[in-house]
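Inspection log for the structure reproduced underneath, given as structure tokens.
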Amino acid sequence: MVTLKKEMTIALYRKMLEIRYFEEKVYDLYGQNLVPGTIHLYAGQEAVAVGVCANLREDDYITSTHRGHGHCIAKGAQLNRVMAEILGKKTGYCKGKGGSMHIADFSVGMLGATAVVGAGLPIAAGAGLSIKLKKTDQVVACFFGDGASNQGTFHEAINMAAIWNLPVLFVCENNLYAMGTHQTRVMAIENIADRAAAYGIPGVAVDGNDVLAVYETAHEAVDRARKGEGSTLIECKTYRHKGHSRFDPATYRPEEEVEQWMKRDPIAQFKAKIFEMRALTEEETNKIEQEVTTAVEDAVKFATESPQPTPEEALENVFS
Amino acid sequence: MREITYRDALREALREEMLQDETVFLLGEDVGRYWKGAFKVTKGLAEEFGDERVRDTPISESAIIGVATGAAITGMRPIAEIMFGDLSALAMDQIANQAAKLTYMFGGQTKVPLVIRMPFGAGVNVAAHHSQSLEAWFLHVPGLKIVMSSTSYDAKGLLKTAIRDDNPVMFFEHKLLYNIKEPVPEEEYTVPFGVADVKRKGEDVTIVATLYMVHKSLAAAEELSEEGISVEVVDPRTLVPLDKQAIINSVKKTGRIVIVTEDCKTGGVSAEIAAVVAEEAIDYLDAPVKRVAEPDTPIPFSPPLERFVIPDEKKIVGAVKEVIH
């Protein structure tokens, strides 16, 4: 069991809140027609990105998915520039060329989100190969969903990472649904982590709504990876609070199931634990909540007030 | 000048760049010490540079390109080999949606210095899954550079340029070219992208040809010269960037153009070159554009069938005569 050091408690709680409040704002802005395209919200899955990334250094890498705002924030991207990208602004990380589904911040090792399900796995393995060839002790965390674990790239990339002993954490966020398709309709096993056995690497299934459990599991995997002991498949069992994308009312999810999972909200659970263990006072959590509220409001202000890209910029960056 | 094969020219380029830059490494199916590449291009490199930098992979084309892309965006210069161009279909998402688009999609935050080598082409009776010329697929993907070198000299110089380029470069070779022997200087040189080469000067008709079709066009030009027809053969050498001006300049001089490519005619490279001429040089034409290309079939197995669909000297000579008369 991780001893809940104050500094760590604050960091974990703050990051999870940043993601939650950020996603709530994105949802609101979408309702106001300020967000072009679509959005895939990370709310409900915060413990995964935060629990994993809390183990990473700035020079470590992550790869992300269409549901990637949380990964960006957890790895240390600035709320302002993430929000600006979602709004398609010139000041966004990708100058408005990527949008919600394709955010990257190479300055903090966030190698980008790909909106092709499963496409990030080989890219993450490649970053791992790069680390191995350069003989550094960096690691890579590759986030993907339960749906991606049925892609051929899952097999190809994890196999390659296993045979070459690459420092990669394959982090499967199993939120039970690939769009509207429940896991039980598309795989005959309960734990995606079991697939690790096929590649000869450790596979661990963990409560993805318990940030400390995720932190501990990732800690061990990062430790192994840094020591040159190779990859780990970590399955984090979690649940998205909203539908797949903005237009999805998620009617395919039984009410009881949603209720059960909402009771297990990762942030509410962690907050309860914080008080139970007397790690922080209510005054302290209030202060964090207030600070995060302000930071997210600032991000919205920055993004909404930022200029649109000039149309001709569409022709730039096709080549380096 | 010494003469070396196209295969050896490619190997020299790989070796020289690996010696100069530690971040250059090779990966692909059987490129290592045991098989040395399906066409033996990588022979001796694993022995010299080690198995880490000349890396055999599982049969996983998608991951070969994805891993190479991931390495490229984190500071390496990978050279991935796809054993046959046809198999690029298995890696298409990683090539077309990932490698080609990351620089753009992420607003220029990253470069993708990646070379993807693969052999194209028919002529060795291996049928529909090992004989295609698929350059048009990649021509339609913004963000990819495309090299098609027809000679040993160009192969070496262009491959070195490709390895030093900060973008994904599709480097297409032709199976029938590996054994051709041509002059290649001992000293260091590179060939720039976007500069066509006039392989034969002429006055009456322009032939624009790529890869192995350059050689067939040169043979046709020789045959036509005996009948007093002077043919200019222009090899674009890179399709992206394309040296449009060289093609237009030649058309301005000759007033006639025949485009010879081994890919399928419909939606093919020949169509794109014809469109360039139509948009930018139609006033100089004295005859309609003529194309000699594969007649929109899969590549058949049996030798007479295969010969029938692949452009040859006779078809090229026929096309030239049609635009002359």
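If you're wondering about the labels, chains in the structure tokens are A, B, ... by order shown, residues count from 1 in each chain, ligands from 1 in order shown.
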Each residue of chain B with at least one atom at most 8 Å from chain A should appear once, together with its nearest atom pair and the corresponding distance in Å (one decimal); atoms considered: only C-alpha atoms; ordering: chain, then increasing residue number; output as a tab-separated table.
residue	atom	partner	partner_atom	distance
B:Glu52	CA	A:Leu133	CA	7.4
B:Thr57	CA	A:Met160	CA	7.7
B:Pro58	CA	A:Met160	CA	7.3
B:Ser60	CA	A:Glu156	CA	5.8
B:Ser62	CA	A:Thr153	CA	6.7
B:Ala63	CA	A:Pro122	CA	5.1
B:Ile64	CA	A:Pro122	CA	7.8
B:Ile65	CA	A:Pro122	CA	8.0
B:Gly66	CA	A:Pro122	CA	4.6
B:Val67	CA	A:Gly126	CA	3.6
B:Ala68	CA	A:Gly126	CA	5.8
B:Thr69	CA	A:Ile123	CA	6.0
B:Gly70	CA	A:Gly126	CA	4.0
B:Ala71	CA	A:Gly126	CA	4.5
B:Ala72	CA	A:Gly126	CA	7.9
B:Ile73	CA	A:Ala127	CA	7.6
B:Thr74	CA	A:Ala127	CA	6.0
B:Gly75	CA	A:Ser130	CA	7.2
B:Met76	CA	A:Ser130	CA	6.4
B:Asp93	CA	A:Ala119	CA	7.7
B:Gln94	CA	A:Ala119	CA	7.1
B:Gln98	CA	A:Ala119	CA	7.8
B:Lys101	CA	A:Val318	CA	7.5
B:Thr103	CA	A:Asn317	CA	6.3
B:Tyr104	CA	A:Asn317	CA	4.8
B:Met105	CA	A:Gly98	CA	4.8
B:Phe106	CA	A:Cys94	CA	4.5
B:Gly107	CA	A:Cys94	CA	4.0
B:Gly108	CA	A:Asn317	CA	5.2
B:Gln109	CA	A:Phe106	CA	6.6
B:Thr110	CA	A:Phe106	CA	7.4
B:Lys111	CA	A:Ser320	CA	5.7
B:Val112	CA	A:Ser320	CA	7.9
B:Pro142	CA	A:Val318	CA	6.8
B:Gly143	CA	A:Val318	CA	5.3
B:Asp166	CA	A:Ser320	CA	6.1
B:Asn167	CA	A:Ser320	CA	6.2
Using C-alpha atoms, can you write the selected residues to a file as a compact mmCIF listing (two decimals), in the first residue's frame?
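Result file out-v1.txt:
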# COMPACT_ATOMS: atom_id res chain seq x y z
CA GLU B 52 20.27 -3.93 -32.98
CA THR B 57 11.12 -8.22 -37.33
CA PRO B 58 8.15 -10.55 -37.02
CA SER B 60 3.91 -7.61 -38.84
CA SER B 62 1.64 -2.59 -39.61
CA ALA B 63 3.91 -2.67 -36.58
CA ILE B 64 7.05 -2.40 -38.72
CA ILE B 65 5.86 0.96 -40.03
CA GLY B 66 4.25 2.02 -36.73
CA VAL B 67 7.37 1.19 -34.75
CA ALA B 68 9.50 2.99 -37.32
CA THR B 69 7.20 6.01 -37.06
CA GLY B 70 7.37 6.00 -33.26
CA ALA B 71 11.16 5.83 -33.44
CA ALA B 72 11.23 8.62 -36.02
CA ILE B 73 9.25 11.04 -33.86
CA THR B 74 11.57 10.38 -30.93
CA GLY B 75 14.86 11.17 -32.58
CA MET B 76 15.82 8.20 -34.76
CA ASP B 93 -3.01 2.96 -41.81
CA GLN B 94 0.43 3.47 -40.33
CA GLN B 98 0.00 8.08 -39.10
CA LYS B 101 -0.03 13.04 -41.12
CA THR B 103 3.68 16.54 -38.73
CA TYR B 104 0.60 18.28 -40.06
CA MET B 105 -1.92 17.11 -37.50
CA PHE B 106 0.32 18.18 -34.62
CA GLY B 107 0.92 21.61 -36.14
CA GLY B 108 4.55 21.03 -37.06
CA GLN B 109 5.61 19.95 -33.55
CA THR B 110 7.31 16.85 -34.86
CA LYS B 111 9.20 15.68 -37.90
CA VAL B 112 8.98 12.11 -39.20
CA PRO B 142 -0.28 14.42 -48.66
CA GLY B 143 2.79 14.27 -46.46
CA ASP B 166 12.97 14.95 -42.28
CA ASN B 167 9.77 13.53 -43.83
So that I can see what lies close to Thr210 in chain B, please list as a VMD selection string the residues with an atom at most 8 Å from it, counting only C-alpha atoms and leaving out residues fewer than 4 positions away in the same chain.
chain B and resid 148 to 150 214 235 to 237 260 to 262
Quick one: everything within 12 Å of range 292-303 of chain A, counting only C-alpha atoms, minus sequence neighbours fewer than 2 positions away in the same chain. Send it as a VMD selection string.
chain A and resid 10 to 11 13 to 30 34 to 35 73 77 to 93 95 to 96 285 to 290 305 to 308
Could you save the residues just selected, with C-alpha atoms, as a tab-separated table (two decimals), in the first residue's frame?
chain	number	residue	atom	x	y	z
A	10	ILE	CA	-2.35	16.94	-3.48
A	11	ALA	CA	-0.83	16.21	-6.90
A	13	TYR	CA	-6.25	15.05	-6.39
A	14	ARG	CA	-5.42	18.25	-8.26
A	15	LYS	CA	-4.74	16.49	-11.57
A	16	MET	CA	-7.91	14.44	-11.41
A	17	LEU	CA	-9.91	17.56	-10.65
A	18	GLU	CA	-8.22	19.46	-13.47
A	19	ILE	CA	-9.37	16.79	-15.90
A	20	ARG	CA	-12.90	16.61	-14.48
A	21	TYR	CA	-13.49	20.35	-14.36
A	22	PHE	CA	-11.86	20.74	-17.76
A	23	GLU	CA	-14.16	18.14	-19.31
A	24	GLU	CA	-17.20	19.72	-17.70
A	25	LYS	CA	-16.24	23.02	-19.29
A	26	VAL	CA	-15.66	21.38	-22.66
A	27	TYR	CA	-19.15	19.89	-22.39
A	28	ASP	CA	-20.63	23.32	-21.63
A	29	LEU	CA	-18.72	25.02	-24.43
A	30	TYR	CA	-19.92	22.36	-26.82
A	34	LEU	CA	-18.07	26.94	-29.38
A	35	VAL	CA	-16.47	23.55	-30.07
A	73	ILE	CA	-3.41	17.08	-18.83
A	77	ALA	CA	0.24	19.84	-20.98
A	78	GLN	CA	-1.07	23.35	-20.27
A	79	LEU	CA	-4.83	23.59	-19.86
A	80	ASN	CA	-4.85	26.81	-21.87
A	81	ARG	CA	-3.34	25.34	-24.99
A	82	VAL	CA	-5.30	22.08	-24.78
A	83	MET	CA	-8.52	24.08	-24.56
A	84	ALA	CA	-7.43	26.36	-27.40
A	85	GLU	CA	-6.78	23.33	-29.61
A	86	ILE	CA	-10.22	21.90	-28.84
A	87	LEU	CA	-11.71	25.23	-29.92
A	88	GLY	CA	-9.62	25.17	-33.12
A	89	LYS	CA	-7.60	28.22	-32.23
A	90	LYS	CA	-4.22	29.39	-33.48
A	91	THR	CA	-2.79	29.17	-29.94
A	92	GLY	CA	-3.69	25.49	-29.58
A	93	TYR	CA	-0.95	22.90	-29.35
A	95	LYS	CA	-2.34	25.42	-34.20
A	96	GLY	CA	-5.89	24.25	-34.79
A	285	THR	CA	-9.32	20.18	-0.55
A	286	ASN	CA	-11.54	23.25	-0.83
A	287	LYS	CA	-8.49	25.31	-1.67
A	288	ILE	CA	-7.43	22.86	-4.38
A	289	GLU	CA	-10.95	22.83	-5.80
A	290	GLN	CA	-11.01	26.60	-5.90
A	305	GLU	CA	-10.20	35.02	-26.62
A	306	SER	CA	-7.47	33.45	-28.78
A	307	PRO	CA	-7.47	34.26	-32.50
A	308	GLN	CA	-8.66	31.85	-35.15
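Rounded to one decimal, CA of Lys253 in chain B and CA of Thr190 in chain B lie 28.8 Å from each other.
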From a DSSP calculation on the backbone, collect every residue of range 91-260 of chain B in strand (DSSP E or B) and output the set as an MDAnalysis selection string.
chainID B and resid 115:120 145:148 169:174 181:183 197:200 205:209 231:235 238:240 257:260
Can you work out which one of A:Asp248, A:Glu291, A:Asp137, A:Glu46 has the shortest atom-to-atom distance to Gly180 in chain A, counting only C-alpha atoms?
A:Asp248
Please report the interatomic distance between CA of Ala278 in chain B and CA of His325 in chain B in Å with one decimal.
20.2 Å
Could you give me the residues within range 84-160 of chain B that DSSP places in helix (DSSP H, G or I), as JSON, numbers by chain?
{"B": [85, 86, 87, 88, 89, 90, 91, 92, 93, 94, 95, 96, 97, 98, 99, 102, 103, 104, 105, 127, 128, 129, 135, 136, 137, 138, 139, 152, 153, 154, 155, 156, 157, 158, 159, 160]}
Taking C-alpha atoms for each residue, export the selection above as a compact mmCIF listing (two decimals), in the first residue's frame.
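As written to disk, again_39.txt reads:
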# COMPACT_ATOMS: atom_id res chain seq x y z
CA GLY B 85 5.26 -3.39 -52.27
CA ASP B 86 1.98 -5.31 -52.40
CA LEU B 87 2.29 -5.92 -48.65
CA SER B 88 2.21 -2.21 -47.95
CA ALA B 89 -1.57 -2.68 -47.91
CA LEU B 90 -1.11 -4.33 -44.51
CA ALA B 91 0.61 -1.20 -43.20
CA MET B 92 -1.57 1.35 -44.92
CA ASP B 93 -3.01 2.96 -41.81
CA GLN B 94 0.43 3.47 -40.33
CA ILE B 95 1.77 4.90 -43.60
CA ALA B 96 -1.15 6.99 -44.78
CA ASN B 97 -2.89 8.00 -41.54
CA GLN B 98 0.00 8.08 -39.10
CA ALA B 99 3.47 8.65 -40.60
CA LEU B 102 1.66 13.47 -37.74
CA THR B 103 3.68 16.54 -38.73
CA TYR B 104 0.60 18.28 -40.06
CA MET B 105 -1.92 17.11 -37.50
CA ALA B 127 1.32 -12.97 -59.92
CA ALA B 128 -1.12 -10.62 -58.26
CA HIS B 129 0.25 -10.48 -54.72
CA GLU B 135 2.85 4.39 -56.47
CA ALA B 136 -0.50 6.02 -57.22
CA TRP B 137 -1.85 4.93 -53.81
CA PHE B 138 0.83 6.94 -52.08
CA LEU B 139 0.78 9.82 -54.54
CA SER B 152 22.25 2.59 -59.85
CA TYR B 153 23.56 6.15 -59.74
CA ASP B 154 20.17 7.61 -58.88
CA ALA B 155 19.38 4.79 -56.44
CA LYS B 156 22.41 5.56 -54.32
CA GLY B 157 22.16 9.32 -54.48
CA LEU B 158 18.43 9.44 -53.90
CA LEU B 159 18.49 6.95 -51.03
CA LYS B 160 21.08 9.07 -49.25
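In this structure, CA of Phe172 in chain B sits 6.5 Å away from CA of Phe120 in chain B.
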Considering only C-alpha atoms, return as a ChimeraX atom specification whatever protein or nucleic-acid residues lie within 10 Å of Glu17 in chain B, sequence-local ones (same chain, fewer than 6 positions apart) excluded.
/B:11,23-25,159-161,163-164
Export C-alpha atoms of the chosen residues as a CSV table (one decimal), in the first residue's frame?
chain,number,residue,atom,x,y,z
B,11,ARG,CA,23.6,-1.0,-49.9
B,23,THR,CA,20.4,7.3,-35.4
B,24,VAL,CA,20.0,5.5,-38.7
B,25,PHE,CA,18.9,1.9,-38.4
B,159,LEU,CA,18.5,6.9,-51.0
B,160,LYS,CA,21.1,9.1,-49.2
B,161,THR,CA,18.9,12.1,-49.7
B,163,ILE,CA,17.6,9.1,-45.3
B,164,ARG,CA,18.6,12.7,-44.6
Can you pull out every residue within 7 Å of Gln138 in chain A, counting only C-alpha atoms, but drop anything in the same chain fewer than 5 positions away, and send it as number ranges by chain?
A: 59-60, 131, 226
Output N, CA and C atoms for every residue in that selection, as a compact mmCIF listing (two decimals), in the first residue's frame.
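Everything below was put into selection.txt:
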# COMPACT_ATOMS: atom_id res chain seq x y z
N ASP A 59 10.59 13.60 -19.33
CA ASP A 59 11.21 13.06 -20.55
C ASP A 59 10.68 11.67 -20.91
N ASP A 60 9.76 11.14 -20.14
CA ASP A 60 9.08 9.90 -20.54
C ASP A 60 8.02 10.25 -21.58
N ILE A 131 14.18 4.49 -27.34
CA ILE A 131 14.80 4.55 -26.00
C ILE A 131 15.86 3.46 -25.87
N ARG A 226 12.18 0.69 -16.55
CA ARG A 226 13.42 1.48 -16.41
C ARG A 226 14.64 0.60 -16.20
Using only C-alpha atoms, which protein or nucleic acid residues come within 8 Å of range 192-202 of chain A? Drop anything in the same chain fewer than 3 positions from it, and give the result as a PyMOL selection string.
chain A and resi 146+149+158-159+162+172+189+205+230-235
Resulting file, chosen residues, C-alpha atoms, as a tab-separated table (two decimals), in the first residue's frame:
chain	number	residue	atom	x	y	z
A	146	ASP	CA	-10.89	-2.09	-24.73
A	149	SER	CA	-7.37	-4.51	-27.91
A	158	ILE	CA	2.81	-5.97	-27.94
A	159	ASN	CA	4.53	-8.95	-29.50
A	162	ALA	CA	7.87	-8.29	-25.77
A	172	CYS	CA	-5.77	-0.59	-21.56
A	189	ILE	CA	-12.60	-13.37	-21.94
A	205	ALA	CA	-5.98	-6.12	-14.14
A	230	GLY	CA	10.47	-4.92	-20.51
A	231	SER	CA	6.80	-4.27	-21.09
A	232	THR	CA	3.67	-4.76	-19.00
A	233	LEU	CA	0.03	-4.90	-20.02
A	234	ILE	CA	-2.12	-3.10	-17.46
A	235	GLU	CA	-5.87	-3.30	-17.76
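You can rank B:Phe39, B:Tyr178, B:Tyr34, B:Tyr284 by their closest distance to Tyr6 in chain B using only C-alpha atoms, and at the top of that list sits B:Tyr178.
For Val309 in chain B, the non-local neighbours within 10 Å, defined as residues at least 5 positions apart in the same chain or in other chains and counting only C-alpha atoms, are Ala122, Glu262, Cys264, Ala293, Glu294, Pro295, Asp296, Thr297, Pro298, Ile299, Pro300 and Pro304 of chain B.
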